[in-house]
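Pasted below: protein-v6.cif, mmCIF, C-alpha atoms and all ligand atoms.
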data_start
#
loop_
_atom_site.group_PDB
_atom_site.id
_atom_site.type_symbol
_atom_site.label_atom_id
_atom_site.label_comp_id
_atom_site.auth_asym_id
_atom_site.auth_seq_id
_atom_site.Cartn_x
_atom_site.Cartn_y
_atom_site.Cartn_z
ATOM 1 C CA ARG A 1 -14.603 31.002 -10.880
ATOM 2 C CA ARG A 2 -11.506 31.362 -8.853
ATOM 3 C CA ARG A 3 -10.867 29.236 -5.798
ATOM 4 C CA GLY A 4 -7.939 28.296 -3.655
ATOM 5 C CA GLY A 5 -4.682 30.114 -3.290
ATOM 6 C CA ARG A 6 -1.590 30.732 -5.338
ATOM 7 C CA GLY A 7 -3.357 31.790 -8.491
ATOM 8 C CA VAL A 8 -4.233 28.255 -9.439
ATOM 9 C CA ARG A 9 -7.287 28.397 -11.589
ATOM 10 C CA ARG A 10 -9.827 25.643 -11.095
ATOM 11 C CA GLU A 11 -12.456 25.261 -13.726
ATOM 12 C CA VAL A 12 -15.283 22.891 -14.249
ATOM 13 C CA GLY A 13 -14.385 20.261 -16.813
ATOM 14 C CA VAL A 14 -15.674 16.826 -17.610
ATOM 15 C CA HIS A 15 -13.927 13.984 -15.903
ATOM 16 C CA PRO A 16 -13.234 10.863 -18.022
ATOM 17 C CA ASP A 17 -15.595 8.783 -15.884
ATOM 18 C CA GLY A 18 -18.352 11.142 -16.930
ATOM 19 C CA GLN A 19 -18.594 13.060 -13.675
ATOM 20 C CA PRO A 20 -18.216 16.781 -13.931
ATOM 21 C CA ALA A 21 -15.016 17.617 -12.125
ATOM 22 C CA LEU A 22 -12.809 20.547 -11.400
ATOM 23 C CA MET A 23 -9.960 20.821 -13.874
ATOM 24 C CA SER A 24 -7.470 19.543 -11.445
ATOM 25 C CA ARG A 25 -3.765 19.818 -11.044
ATOM 26 C CA GLY A 26 -2.559 16.424 -9.932
ATOM 27 C CA ARG A 27 0.709 14.718 -9.234
ATOM 28 C CA LEU A 28 2.558 11.423 -9.276
ATOM 29 C CA ALA A 29 4.884 11.265 -6.278
ATOM 30 C CA PRO A 30 6.741 7.975 -6.106
ATOM 31 C CA THR A 31 9.389 7.152 -3.529
ATOM 32 C CA PRO A 32 12.303 5.431 -5.301
ATOM 33 C CA THR A 33 13.010 2.608 -2.866
ATOM 34 C CA GLY A 34 12.459 -0.143 -5.437
ATOM 35 C CA TYR A 35 10.873 -0.880 -8.793
ATOM 36 C CA LEU A 36 7.272 0.237 -9.153
ATOM 37 C CA HIS A 37 4.750 -2.606 -9.259
ATOM 38 C CA VAL A 38 1.327 -3.148 -10.725
ATOM 39 C CA GLY A 39 -0.322 -1.500 -7.703
ATOM 40 C CA HIS A 40 1.630 1.695 -8.273
ATOM 41 C CA ALA A 41 0.854 1.457 -11.982
ATOM 42 C CA ARG A 42 -2.889 1.406 -11.345
ATOM 43 C CA THR A 43 -2.902 4.141 -8.720
ATOM 44 C CA PHE A 44 -0.761 6.386 -10.905
ATOM 45 C CA ALA A 45 -2.890 5.697 -13.983
ATOM 46 C CA LEU A 46 -5.921 6.748 -11.965
ATOM 47 C CA ALA A 47 -4.111 9.909 -10.871
ATOM 48 C CA ALA A 48 -3.304 10.657 -14.504
ATOM 49 C CA ALA A 49 -6.887 10.014 -15.628
ATOM 50 C CA ARG A 50 -8.336 12.272 -12.966
ATOM 51 C CA ALA A 51 -5.985 15.071 -14.007
ATOM 52 C CA SER A 52 -6.497 14.569 -17.707
ATOM 53 C CA ALA A 53 -8.682 17.643 -18.035
ATOM 54 C CA GLY A 54 -6.039 19.643 -16.191
ATOM 55 C CA THR A 55 -2.339 19.143 -15.559
ATOM 56 C CA LEU A 56 -0.240 16.407 -14.065
ATOM 57 C CA LEU A 57 3.220 16.739 -12.575
ATOM 58 C CA TYR A 58 5.782 14.234 -11.411
ATOM 59 C CA ARG A 59 7.774 14.579 -8.186
ATOM 60 C CA THR A 60 10.473 12.271 -6.887
ATOM 61 C CA GLU A 61 10.133 11.815 -3.104
ATOM 62 C CA ASP A 62 13.653 10.758 -2.240
ATOM 63 C CA LEU A 63 14.131 12.189 1.248
ATOM 64 C CA ASP A 64 14.887 8.865 2.850
ATOM 65 C CA ALA A 65 18.511 8.750 1.752
ATOM 66 C CA GLY A 66 19.113 5.356 3.336
ATOM 67 C CA ARG A 67 16.428 3.631 1.270
ATOM 68 C CA CYS A 68 16.148 5.648 -1.951
ATOM 69 C CA ARG A 69 18.420 5.027 -4.917
ATOM 70 C CA PRO A 70 18.926 7.120 -8.068
ATOM 71 C CA GLU A 71 18.567 4.063 -10.301
ATOM 72 C CA PHE A 72 15.091 3.407 -8.900
ATOM 73 C CA ALA A 73 14.177 7.060 -9.478
ATOM 74 C CA ALA A 74 15.249 6.760 -13.123
ATOM 75 C CA ALA A 75 13.499 3.392 -13.507
ATOM 76 C CA ALA A 76 10.226 4.784 -12.131
ATOM 77 C CA ILE A 77 10.159 7.499 -14.778
ATOM 78 C CA GLU A 78 10.988 5.007 -17.502
ATOM 79 C CA ASP A 79 8.361 2.520 -16.360
ATOM 80 C CA LEU A 80 5.575 5.066 -16.051
ATOM 81 C CA ARG A 81 6.408 6.494 -19.476
ATOM 82 C CA TRP A 82 6.307 2.945 -20.856
ATOM 83 C CA LEU A 83 2.818 2.621 -19.386
ATOM 84 C CA GLY A 84 1.826 5.672 -21.390
ATOM 85 C CA LEU A 85 1.388 8.128 -18.534
ATOM 86 C CA LYS A 86 1.994 11.727 -19.498
ATOM 87 C CA TRP A 87 3.102 14.526 -17.245
ATOM 88 C CA THR A 88 4.122 17.973 -18.346
ATOM 89 C CA GLU A 89 6.295 18.937 -15.375
ATOM 90 C CA GLY A 90 8.864 16.780 -13.650
ATOM 91 C CA PRO A 91 12.523 15.925 -13.119
ATOM 92 C CA ASP A 92 12.848 14.772 -16.732
ATOM 93 C CA VAL A 93 11.083 17.746 -18.347
ATOM 94 C CA GLY A 94 11.536 20.639 -15.913
ATOM 95 C CA GLY A 95 8.805 23.176 -15.318
ATOM 96 C CA PRO A 96 7.896 26.294 -13.361
ATOM 97 C CA HIS A 97 8.207 24.603 -9.950
ATOM 98 C CA ALA A 98 11.584 22.931 -10.457
ATOM 99 C CA PRO A 99 13.338 21.164 -8.889
ATOM 100 C CA TYR A 100 10.866 18.275 -8.870
ATOM 101 C CA VAL A 101 13.120 16.188 -6.648
ATOM 102 C CA GLN A 102 12.546 16.518 -2.916
ATOM 103 C CA SER A 103 16.182 16.038 -1.922
ATOM 104 C CA GLN A 104 16.878 19.274 -3.828
ATOM 105 C CA ARG A 105 14.167 21.240 -2.066
ATOM 106 C CA LEU A 106 15.591 21.482 1.451
ATOM 107 C CA PRO A 107 15.600 25.316 1.618
ATOM 108 C CA TRP A 108 11.854 25.309 0.998
ATOM 109 C CA PHE A 109 11.236 22.656 3.658
ATOM 110 C CA ARG A 110 13.274 24.615 6.184
ATOM 111 C CA ASP A 111 11.202 27.655 5.366
ATOM 112 C CA VAL A 112 8.036 25.687 6.099
ATOM 113 C CA TRP A 113 9.597 24.380 9.317
ATOM 114 C CA SER A 114 10.160 28.039 10.309
ATOM 115 C CA GLN A 115 6.568 28.916 9.572
ATOM 116 C CA LEU A 116 5.324 26.078 11.754
ATOM 117 C CA GLN A 117 7.784 26.827 14.501
ATOM 118 C CA ALA A 118 6.722 30.475 14.560
ATOM 119 C CA THR A 119 3.109 29.468 15.221
ATOM 120 C CA GLY A 120 4.056 27.163 18.099
ATOM 121 C CA ALA A 121 2.431 24.203 16.328
ATOM 122 C CA ILE A 122 5.540 22.021 16.626
ATOM 123 C CA TYR A 123 8.067 21.189 19.318
ATOM 124 C CA PRO A 124 11.487 19.568 19.531
ATOM 125 C CA CYS A 125 11.362 16.016 20.791
ATOM 126 C CA ASP A 126 14.332 14.053 22.064
ATOM 127 C CA LYS A 127 12.380 10.899 22.901
ATOM 128 C CA SER A 128 13.749 7.830 21.220
ATOM 129 C CA ARG A 129 11.772 5.074 19.606
ATOM 130 C CA LYS A 130 12.514 3.042 22.740
ATOM 131 C CA ASP A 131 11.076 5.736 25.027
ATOM 132 C CA VAL A 132 7.941 5.749 22.910
ATOM 133 C CA GLU A 133 7.588 1.989 22.887
ATOM 134 C CA ARG A 134 8.135 1.797 26.632
ATOM 135 C CA SER A 135 5.279 4.124 27.391
ATOM 136 C CA LEU A 136 2.815 2.812 24.835
ATOM 137 C CA THR A 137 -0.415 1.557 26.341
ATOM 138 C CA ALA A 138 -1.893 0.021 23.212
ATOM 139 C CA PRO A 139 -0.527 -1.581 20.079
ATOM 140 C CA HIS A 140 -0.669 0.643 17.037
ATOM 141 C CA ALA A 141 -2.751 0.074 13.938
ATOM 142 C CA GLU A 142 -1.163 -2.382 11.559
ATOM 143 C CA ASP A 143 -1.670 -0.101 8.574
ATOM 144 C CA ASP A 144 0.165 2.792 10.054
ATOM 145 C CA ALA A 145 3.866 2.641 10.731
ATOM 146 C CA GLU A 146 3.824 5.300 13.399
ATOM 147 C CA PRO A 147 2.712 4.370 16.940
ATOM 148 C CA ILE A 148 0.586 6.942 18.741
ATOM 149 C CA PHE A 149 3.001 9.227 20.506
ATOM 150 C CA PRO A 150 2.225 9.119 24.249
ATOM 151 C CA PRO A 151 1.044 12.566 25.436
ATOM 152 C CA ALA A 152 3.047 12.027 28.632
ATOM 153 C CA LEU A 153 6.221 12.376 26.555
ATOM 154 C CA ARG A 154 5.183 15.700 25.020
ATOM 155 C CA ALA A 155 7.338 18.748 25.525
ATOM 156 C CA PRO A 156 5.618 21.517 27.493
ATOM 157 C CA LEU A 157 3.830 24.279 25.591
ATOM 158 C CA GLY A 158 6.291 26.841 24.312
ATOM 159 C CA ALA A 159 9.184 24.395 24.044
ATOM 160 C CA GLY A 160 11.385 25.232 21.080
ATOM 161 C CA ARG A 161 10.008 28.764 20.636
ATOM 162 C CA GLU A 162 13.508 30.219 20.720
ATOM 163 C CA ALA A 163 14.919 27.871 18.050
ATOM 164 C CA ARG A 164 16.112 29.495 14.826
ATOM 165 C CA GLU A 165 16.734 26.254 12.995
ATOM 166 C CA PRO A 166 15.626 22.666 13.470
ATOM 167 C CA GLY A 167 19.086 21.461 14.503
ATOM 168 C CA PRO A 168 19.948 17.788 15.045
ATOM 169 C CA THR A 169 16.686 16.920 16.752
ATOM 170 C CA ASN A 170 13.275 15.521 15.881
ATOM 171 C CA TRP A 171 10.298 17.879 15.791
ATOM 172 C CA ARG A 172 6.685 16.848 16.277
ATOM 173 C CA PHE A 173 3.331 18.440 15.562
ATOM 174 C CA ARG A 174 1.212 18.843 18.674
ATOM 175 C CA VAL A 175 -2.178 17.402 17.693
ATOM 176 C CA PRO A 176 -5.428 18.785 19.130
ATOM 177 C CA ASP A 177 -6.406 15.837 21.341
ATOM 178 C CA GLY A 178 -9.989 14.741 20.906
ATOM 179 C CA GLU A 179 -10.669 16.846 17.826
ATOM 180 C CA THR A 180 -12.447 15.052 15.017
ATOM 181 C CA ILE A 181 -10.891 15.532 11.601
ATOM 182 C CA THR A 182 -13.273 14.857 8.742
ATOM 183 C CA PHE A 183 -12.968 15.001 5.007
ATOM 184 C CA VAL A 184 -14.830 13.583 2.060
ATOM 185 C CA ASP A 185 -12.664 11.399 -0.113
ATOM 186 C CA ALA A 186 -13.683 11.351 -3.775
ATOM 187 C CA LEU A 187 -13.297 7.563 -3.910
ATOM 188 C CA GLN A 188 -13.631 6.336 -0.303
ATOM 189 C CA GLY A 189 -16.412 8.664 0.843
ATOM 190 C CA PRO A 190 -16.622 10.458 4.192
ATOM 191 C CA GLN A 191 -13.683 9.885 6.547
ATOM 192 C CA THR A 192 -13.402 10.572 10.246
ATOM 193 C CA PHE A 193 -10.300 10.436 12.413
ATOM 194 C CA VAL A 194 -9.860 11.593 15.976
ATOM 195 C CA ALA A 195 -6.625 13.340 16.891
ATOM 196 C CA GLY A 196 -4.985 11.746 19.890
ATOM 197 C CA ARG A 197 -6.895 8.509 19.379
ATOM 198 C CA ASP A 198 -6.250 7.486 15.763
ATOM 199 C CA PHE A 199 -2.927 9.288 15.565
ATOM 200 C CA GLY A 200 -0.770 11.251 17.932
ATOM 201 C CA ASP A 201 1.889 13.945 17.744
ATOM 202 C CA PHE A 202 3.592 13.122 14.485
ATOM 203 C CA LEU A 203 7.059 13.792 13.150
ATOM 204 C CA VAL A 204 7.545 16.821 10.944
ATOM 205 C CA TRP A 205 11.320 17.015 11.070
ATOM 206 C CA ARG A 206 13.963 14.350 11.558
ATOM 207 C CA LYS A 207 17.126 14.724 13.511
ATOM 208 C CA ASP A 208 19.109 13.696 10.422
ATOM 209 C CA GLY A 209 18.334 17.146 8.984
ATOM 210 C CA PHE A 210 15.506 16.171 6.647
ATOM 211 C CA PRO A 211 11.789 16.886 6.862
ATOM 212 C CA ALA A 212 9.493 13.987 7.640
ATOM 213 C CA TYR A 213 7.093 12.801 4.949
ATOM 214 C CA GLU A 214 4.040 14.679 6.296
ATOM 215 C CA LEU A 215 5.770 18.056 6.168
ATOM 216 C CA ALA A 216 7.497 17.500 2.834
ATOM 217 C CA VAL A 217 4.405 16.328 0.995
ATOM 218 C CA VAL A 218 2.219 19.170 2.260
ATOM 219 C CA ALA A 219 4.938 21.741 1.557
ATOM 220 C CA ASP A 220 5.358 20.526 -2.008
ATOM 221 C CA ASP A 221 1.720 19.919 -2.842
ATOM 222 C CA HIS A 222 1.062 23.491 -1.761
ATOM 223 C CA ALA A 223 4.087 25.000 -3.514
ATOM 224 C CA MET A 224 3.257 23.152 -6.717
ATOM 225 C CA GLY A 225 -0.398 24.204 -6.710
ATOM 226 C CA ILE A 226 -1.829 20.690 -6.442
ATOM 227 C CA THR A 227 -5.628 20.754 -6.310
ATOM 228 C CA GLU A 228 -6.331 17.013 -6.048
ATOM 229 C CA VAL A 229 -4.128 14.414 -4.373
ATOM 230 C CA VAL A 230 -4.602 10.895 -5.740
ATOM 231 C CA ARG A 231 -2.748 8.109 -3.909
ATOM 232 C CA GLY A 232 -3.211 4.759 -2.230
ATOM 233 C CA ALA A 233 -5.743 4.228 0.562
ATOM 234 C CA ASP A 234 -2.887 3.315 2.919
ATOM 235 C CA LEU A 235 -2.378 7.063 3.287
ATOM 236 C CA LEU A 236 -5.918 7.958 4.445
ATOM 237 C CA LEU A 237 -4.778 8.410 8.023
ATOM 238 C CA SER A 238 -1.882 10.564 6.861
ATOM 239 C CA THR A 239 -4.416 12.826 5.213
ATOM 240 C CA ALA A 240 -5.852 13.649 8.637
ATOM 241 C CA ARG A 241 -2.387 14.681 9.791
ATOM 242 C CA GLN A 242 -1.798 16.653 6.632
ATOM 243 C CA LEU A 243 -5.070 18.549 7.052
ATOM 244 C CA LEU A 244 -3.788 19.740 10.431
ATOM 245 C CA LEU A 245 -0.619 20.977 8.762
ATOM 246 C CA TYR A 246 -2.584 22.847 6.092
ATOM 247 C CA ARG A 247 -4.604 24.499 8.832
ATOM 248 C CA ALA A 248 -1.570 25.424 10.935
ATOM 249 C CA LEU A 249 0.080 26.944 7.873
ATOM 250 C CA GLY A 250 -3.070 28.797 6.808
ATOM 251 C CA TRP A 251 -3.075 27.085 3.429
ATOM 252 C CA THR A 252 -6.037 25.789 1.428
ATOM 253 C CA ALA A 253 -5.960 22.000 1.356
ATOM 254 C CA PRO A 254 -6.399 20.081 -1.898
ATOM 255 C CA THR A 255 -9.150 17.541 -2.395
ATOM 256 C CA TRP A 256 -8.375 13.843 -1.933
ATOM 257 C CA ALA A 257 -8.942 10.640 -3.858
ATOM 258 C CA HIS A 258 -7.494 7.506 -2.265
ATOM 259 C CA ALA A 259 -7.344 4.514 -4.567
ATOM 260 C CA PRO A 260 -8.311 1.121 -3.158
ATOM 261 C CA LEU A 261 -5.301 -1.061 -2.382
ATOM 262 C CA ILE A 262 -4.779 -4.031 -4.620
ATOM 263 C CA HIS A 263 -4.710 -7.525 -3.159
ATOM 264 C CA ASP A 264 -3.282 -10.613 -4.745
ATOM 265 C CA ALA A 265 -5.168 -13.878 -5.256
ATOM 266 C CA ASP A 266 -4.426 -14.951 -1.660
ATOM 267 C CA GLY A 267 -5.785 -11.697 -0.291
ATOM 268 C CA LYS A 268 -2.341 -10.400 0.600
ATOM 269 C CA ARG A 269 -1.756 -6.717 0.125
ATOM 270 C CA LEU A 270 0.283 -6.220 -2.963
ATOM 271 C CA ALA A 271 2.694 -3.833 -1.306
ATOM 272 C CA LYS A 272 3.881 -6.739 0.807
ATOM 273 C CA ARG A 273 4.410 -9.207 -2.024
ATOM 274 C CA THR A 274 5.453 -7.860 -5.340
ATOM 275 C CA ALA A 275 7.840 -10.493 -6.697
ATOM 276 C CA GLY A 276 7.200 -10.897 -10.401
ATOM 277 C CA LEU A 277 4.763 -8.002 -10.449
ATOM 278 C CA SER A 278 7.039 -5.048 -11.050
ATOM 279 C CA ILE A 279 6.131 -3.066 -14.167
ATOM 280 C CA ARG A 280 9.606 -3.840 -15.464
ATOM 281 C CA GLU A 281 9.325 -7.618 -15.095
ATOM 282 C CA LEU A 282 5.853 -7.618 -16.596
ATOM 283 C CA SER A 283 7.018 -5.689 -19.636
ATOM 284 C CA GLN A 284 10.005 -8.024 -20.001
ATOM 285 C CA LYS A 285 7.585 -10.958 -19.912
ATOM 286 C CA GLY A 286 5.832 -9.390 -22.902
ATOM 287 C CA LYS A 287 2.807 -7.949 -21.100
ATOM 288 C CA THR A 288 1.347 -4.812 -22.632
ATOM 289 C CA PRO A 289 0.705 -1.588 -20.732
ATOM 290 C CA GLU A 290 -2.998 -2.312 -21.140
ATOM 291 C CA GLU A 291 -2.592 -5.694 -19.432
ATOM 292 C CA VAL A 292 -0.503 -4.248 -16.619
ATOM 293 C CA LEU A 293 -3.225 -1.683 -16.004
ATOM 294 C CA THR A 294 -6.311 -3.858 -16.315
ATOM 295 C CA ALA A 295 -5.706 -7.627 -16.293
ATOM 296 C CA PRO A 296 -6.702 -9.665 -13.226
ATOM 297 C CA LEU A 297 -3.568 -10.208 -11.155
ATOM 298 C CA ASP A 298 -3.553 -13.978 -11.573
ATOM 299 C CA GLN A 299 -3.299 -13.484 -15.324
ATOM 300 C CA LEU A 300 -0.184 -11.373 -15.125
HETATM 301 N N1 LIG B 401 5.867 9.274 -1.895
HETATM 302 C C1 LIG B 401 4.824 8.593 -1.184
HETATM 303 C C2 LIG B 401 4.915 7.109 -1.435
HETATM 304 O O1 LIG B 401 5.434 6.697 -2.457
HETATM 305 C C3 LIG B 401 3.447 9.005 -1.607
HETATM 306 C C4 LIG B 401 3.188 10.357 -1.221
HETATM 307 C C5 LIG B 401 1.811 10.815 -1.541
HETATM 308 O O2 LIG B 401 1.268 10.457 -2.591
HETATM 309 O O3 LIG B 401 1.334 11.620 -0.769
HETATM 310 O O4 LIG B 401 4.462 6.357 -0.602
#
Let me see the file written as structure tokens.
Ligand code: GLU
Amino acid sequence: RRRGGRGVRREVGVHPDGQPALMSRGRLAPTPTGYLHVGHARTFALAAARASAGTLLYRTEDLDAGRCRPEFAAAAIEDLRWLGLKWTEGPDVGGPHAPYVQSQRLPWFRDVWSQLQATGAIYPCDKSRKDVERSLTAPHAEDDAEPIFPPALRAPLGAGREAREPGPTNWRFRVPDGETITFVDALQGPQTFVAGRDFGDFLVWRKDGFPAYELAVVADDHAMGITEVVRGADLLLSTARQLLLYRALGWTAPTWAHAPLIHDADGKRLAKRTAGLSIRELSQKGKTPEEVLTAPLDQL
């Protein structure tokens, strides 16, 4: 049967864990700000496994020019190939949706900005981080880098309707305060977030001329026909934001599978302490891909 948009065919296949699953089109979407570590390795291996009855693509998410470096982008590809992951579309192999590098996809992101702007879903915002912090009434969740944007700082309805391009200003998505956003995650089960309480008006465009993560990832997952997004559970809350973008754009959202975050022996989240645990260092120490993917952390 045919489902979803953009001519992407989803068929019932058998998932490697034995569950019947849609033949999915998945992706690996690393941000090259450093060497990938064992946590990335395991999340990406899961993404590859879940797409093994379908297709897997690779996309470099290098929009944060200040933090991303080309040598990390090249190293990520090398390290994931060393692990044995296979993708059939990506910066190193090309494919029908090239370029697979976000910094080369700005025209597409501006097009999506235009679509959002035309619906009135977003508004220009000149409030600084300081303004936001000054009017915050509650501390923000530790897991989420973005504080809840205070509704008092919102631009009035209709602001920015005349704009023809984003210009050198931030743009935010006006969230439907009080609305409950639910989705069923294939790994984490049912999820519920309330707009305006768990997250506020979020950035879609940055005044430096680049799209914010939430816009770029939705724009590309849609353009590239992704049917299942597999990524770390630290992005669950982002999924609620992204669902609002899919709705505003009139696009069919993919399904979601958020991998549990890996903790080290002291219970610290791996993302915060990765010394000695990059895929690169582990392979140089003589560890095998199998060990990197499955050994208990204290044995690596
Ligand atoms: N590029 C993002 C990151 O490395 C992940 C994006 C995603 O999987 O949605 O954190």
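From atom CA of A:Met224 back to atom CA of A:Ala47, the distance works out to 15.7 Å.
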### Message
Evaluate the PyMOL selection byres (((not hetatm)) within 8 of (chain B and resi 401)) against this structure - the residues, as a PyMOL selection string, please.
### Response
chain A and resi 27-32+60-62+213+217+229-232+235
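Residues lying within 7 Å of (7.0, 21.3, 3.7). Counted over all atoms listed in the file, they are Trp108, Phe109, Val112, Trp113, Leu215, Ala216, Val217, Val218, Ala219 and Asp220 of chain A.
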Resolved residues for the PyMOL selection byres (((chain A and resi 296) around 12) and not hetatm) as a compact mmCIF listing (two decimals) with C-alpha atoms, in the frame of the given file:
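The file below, part-v7.txt, is the result:
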# COMPACT_ATOMS: atom_id res chain seq x y z
CA VAL A 38 1.33 -3.15 -10.72
CA GLY A 39 -0.32 -1.50 -7.70
CA ARG A 42 -2.89 1.41 -11.34
CA ILE A 262 -4.78 -4.03 -4.62
CA HIS A 263 -4.71 -7.52 -3.16
CA ASP A 264 -3.28 -10.61 -4.74
CA ALA A 265 -5.17 -13.88 -5.26
CA LEU A 277 4.76 -8.00 -10.45
CA GLU A 290 -3.00 -2.31 -21.14
CA GLU A 291 -2.59 -5.69 -19.43
CA VAL A 292 -0.50 -4.25 -16.62
CA LEU A 293 -3.22 -1.68 -16.00
CA THR A 294 -6.31 -3.86 -16.32
CA ALA A 295 -5.71 -7.63 -16.29
CA LEU A 297 -3.57 -10.21 -11.16
CA ASP A 298 -3.55 -13.98 -11.57
CA GLN A 299 -3.30 -13.48 -15.32
CA LEU A 300 -0.18 -11.37 -15.12
### Task
Using the chain letters and residue numbers of this document, give as a ChimeraX atom specification the residues selected by the PyMOL selection byres (((chain A and resi 118-122) around 10) and not hetatm).
/A:112-117,123-125,155,157-164,171-176,201-205,244-245,248-249
### Query
Smallest atom-to-atom distance to A:Gly34: which of A:Ser238, A:Gly94, A:Ala74, A:Ile226, using all atoms listed in the file?
A:Ala74
Fewer than 3 positions away in the same chain doesn't count, so skip those; otherwise give me all residues within 8 Å of stretch 188-195 of chain A, counting all atoms listed in the file, as a PDB file with C-alpha atoms, in the frame of the given file.
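File written: result-v8.pdb
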ATOM      1  CA  VAL A 175      -2.178  17.402  17.693  1.00  0.00           C
ATOM      2  CA  PRO A 176      -5.428  18.785  19.130  1.00  0.00           C
ATOM      3  CA  ASP A 177      -6.406  15.837  21.341  1.00  0.00           C
ATOM      4  CA  GLY A 178      -9.989  14.741  20.906  1.00  0.00           C
ATOM      5  CA  GLU A 179     -10.669  16.846  17.826  1.00  0.00           C
ATOM      6  CA  THR A 180     -12.447  15.052  15.017  1.00  0.00           C
ATOM      7  CA  ILE A 181     -10.891  15.532  11.601  1.00  0.00           C
ATOM      8  CA  THR A 182     -13.273  14.857   8.742  1.00  0.00           C
ATOM      9  CA  PHE A 183     -12.968  15.001   5.007  1.00  0.00           C
ATOM     10  CA  VAL A 184     -14.830  13.583   2.060  1.00  0.00           C
ATOM     11  CA  ASP A 185     -12.664  11.399  -0.113  1.00  0.00           C
ATOM     12  CA  ASP A 198      -6.250   7.486  15.763  1.00  0.00           C
ATOM     13  CA  PHE A 199      -2.927   9.288  15.565  1.00  0.00           C
ATOM     14  CA  GLY A 200      -0.770  11.251  17.932  1.00  0.00           C
ATOM     15  CA  LEU A 237      -4.778   8.410   8.023  1.00  0.00           C
ATOM     16  CA  ALA A 240      -5.852  13.649   8.637  1.00  0.00           C
ATOM     17  CA  ALA A 257      -8.942  10.640  -3.858  1.00  0.00           C
ATOM     18  CA  HIS A 258      -7.494   7.506  -2.265  1.00  0.00           C
ATOM     19  CA  ALA A 259      -7.344   4.514  -4.567  1.00  0.00           C
ATOM     20  CA  PRO A 260      -8.311   1.121  -3.158  1.00  0.00           C
TER      21      PRO A 260
END
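When atom CA of A:Arg280 is paired with atom CA of A:Ala41, their separation reads 10.8 Å.
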### Task
Within 8 Å of (16.1, 12.9, -4.5) (coordinates as in the file), grab all the protein and nucleic acid residues, counting all atoms listed in the file, and write them out as a PyMOL selection string.
chain A and resi 60-63+65+68+70+73+101-104
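Atom pair atom CA of A:Ala53 / atom CA of A:Met23 has a distance of 5.4 Å (rounded to one decimal).
Shortest separation to A:Asp208 among A:Gly66, A:Gly276, A:Gly250, A:Gly267 occurs at residue A:Gly66, atoms counted being all atoms listed in the file.
Considering the residues A:Lys127, A:Ala186, A:Ala233, A:Glu214 and counting all atoms listed in the file, A:Tyr246 has its shortest atom-to-atom contact with A:Glu214.
When all atoms listed in the file are used to compute distances to A:Lys86, the closest of the residues A:Gly26, A:Trp256, A:Glu71, A:Lys285 turns out to be A:Gly26.
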Coordinate excerpt as a short mmCIF file (atom, residue, chain, number, x, y, z; two decimals), in the first residue's frame: stretch 26-61 of chain A, C-alpha atoms:
data_model
loop_
_atom_site.label_atom_id
_atom_site.label_comp_id
_atom_site.auth_asym_id
_atom_site.auth_seq_id
_atom_site.Cartn_x
_atom_site.Cartn_y
_atom_site.Cartn_z
CA GLY A 26 16.23 6.15 7.58
CA ARG A 27 19.12 8.48 8.04
CA LEU A 28 22.31 9.13 9.96
CA ALA A 29 22.64 12.86 10.61
CA PRO A 30 25.74 13.67 12.62
CA THR A 31 26.86 17.18 13.48
CA PRO A 32 30.64 17.41 12.94
CA THR A 33 31.66 19.29 16.07
CA GLY A 34 34.04 16.58 17.28
CA TYR A 35 34.89 12.91 16.90
CA LEU A 36 31.96 10.53 17.20
CA HIS A 37 31.94 8.45 20.38
CA VAL A 38 30.58 5.09 21.42
CA GLY A 39 27.15 6.61 22.13
CA HIS A 40 26.88 7.87 18.57
CA ALA A 41 28.15 4.52 17.32
CA ARG A 42 25.35 2.64 19.07
CA THR A 43 22.58 5.04 18.11
CA PHE A 44 23.71 5.05 14.48
CA ALA A 45 24.04 1.26 14.41
CA LEU A 46 20.47 1.05 15.65
CA ALA A 47 19.37 3.49 12.94
CA ALA A 48 21.12 1.34 10.35
CA ALA A 49 19.56 -1.87 11.69
CA ARG A 50 16.07 -0.42 11.67
CA ALA A 51 16.51 0.68 8.05
CA SER A 52 18.11 -2.54 6.92
CA ALA A 53 14.99 -3.71 5.13
CA GLY A 54 14.80 -0.34 3.40
CA THR A 55 17.32 2.39 2.70
CA LEU A 56 19.66 4.45 4.79
CA LEU A 57 21.16 7.81 3.92
CA TYR A 58 23.83 9.94 5.50
CA ARG A 59 23.54 13.71 5.98
CA THR A 60 26.13 16.06 7.41
CA GLU A 61 24.47 18.66 9.67
#
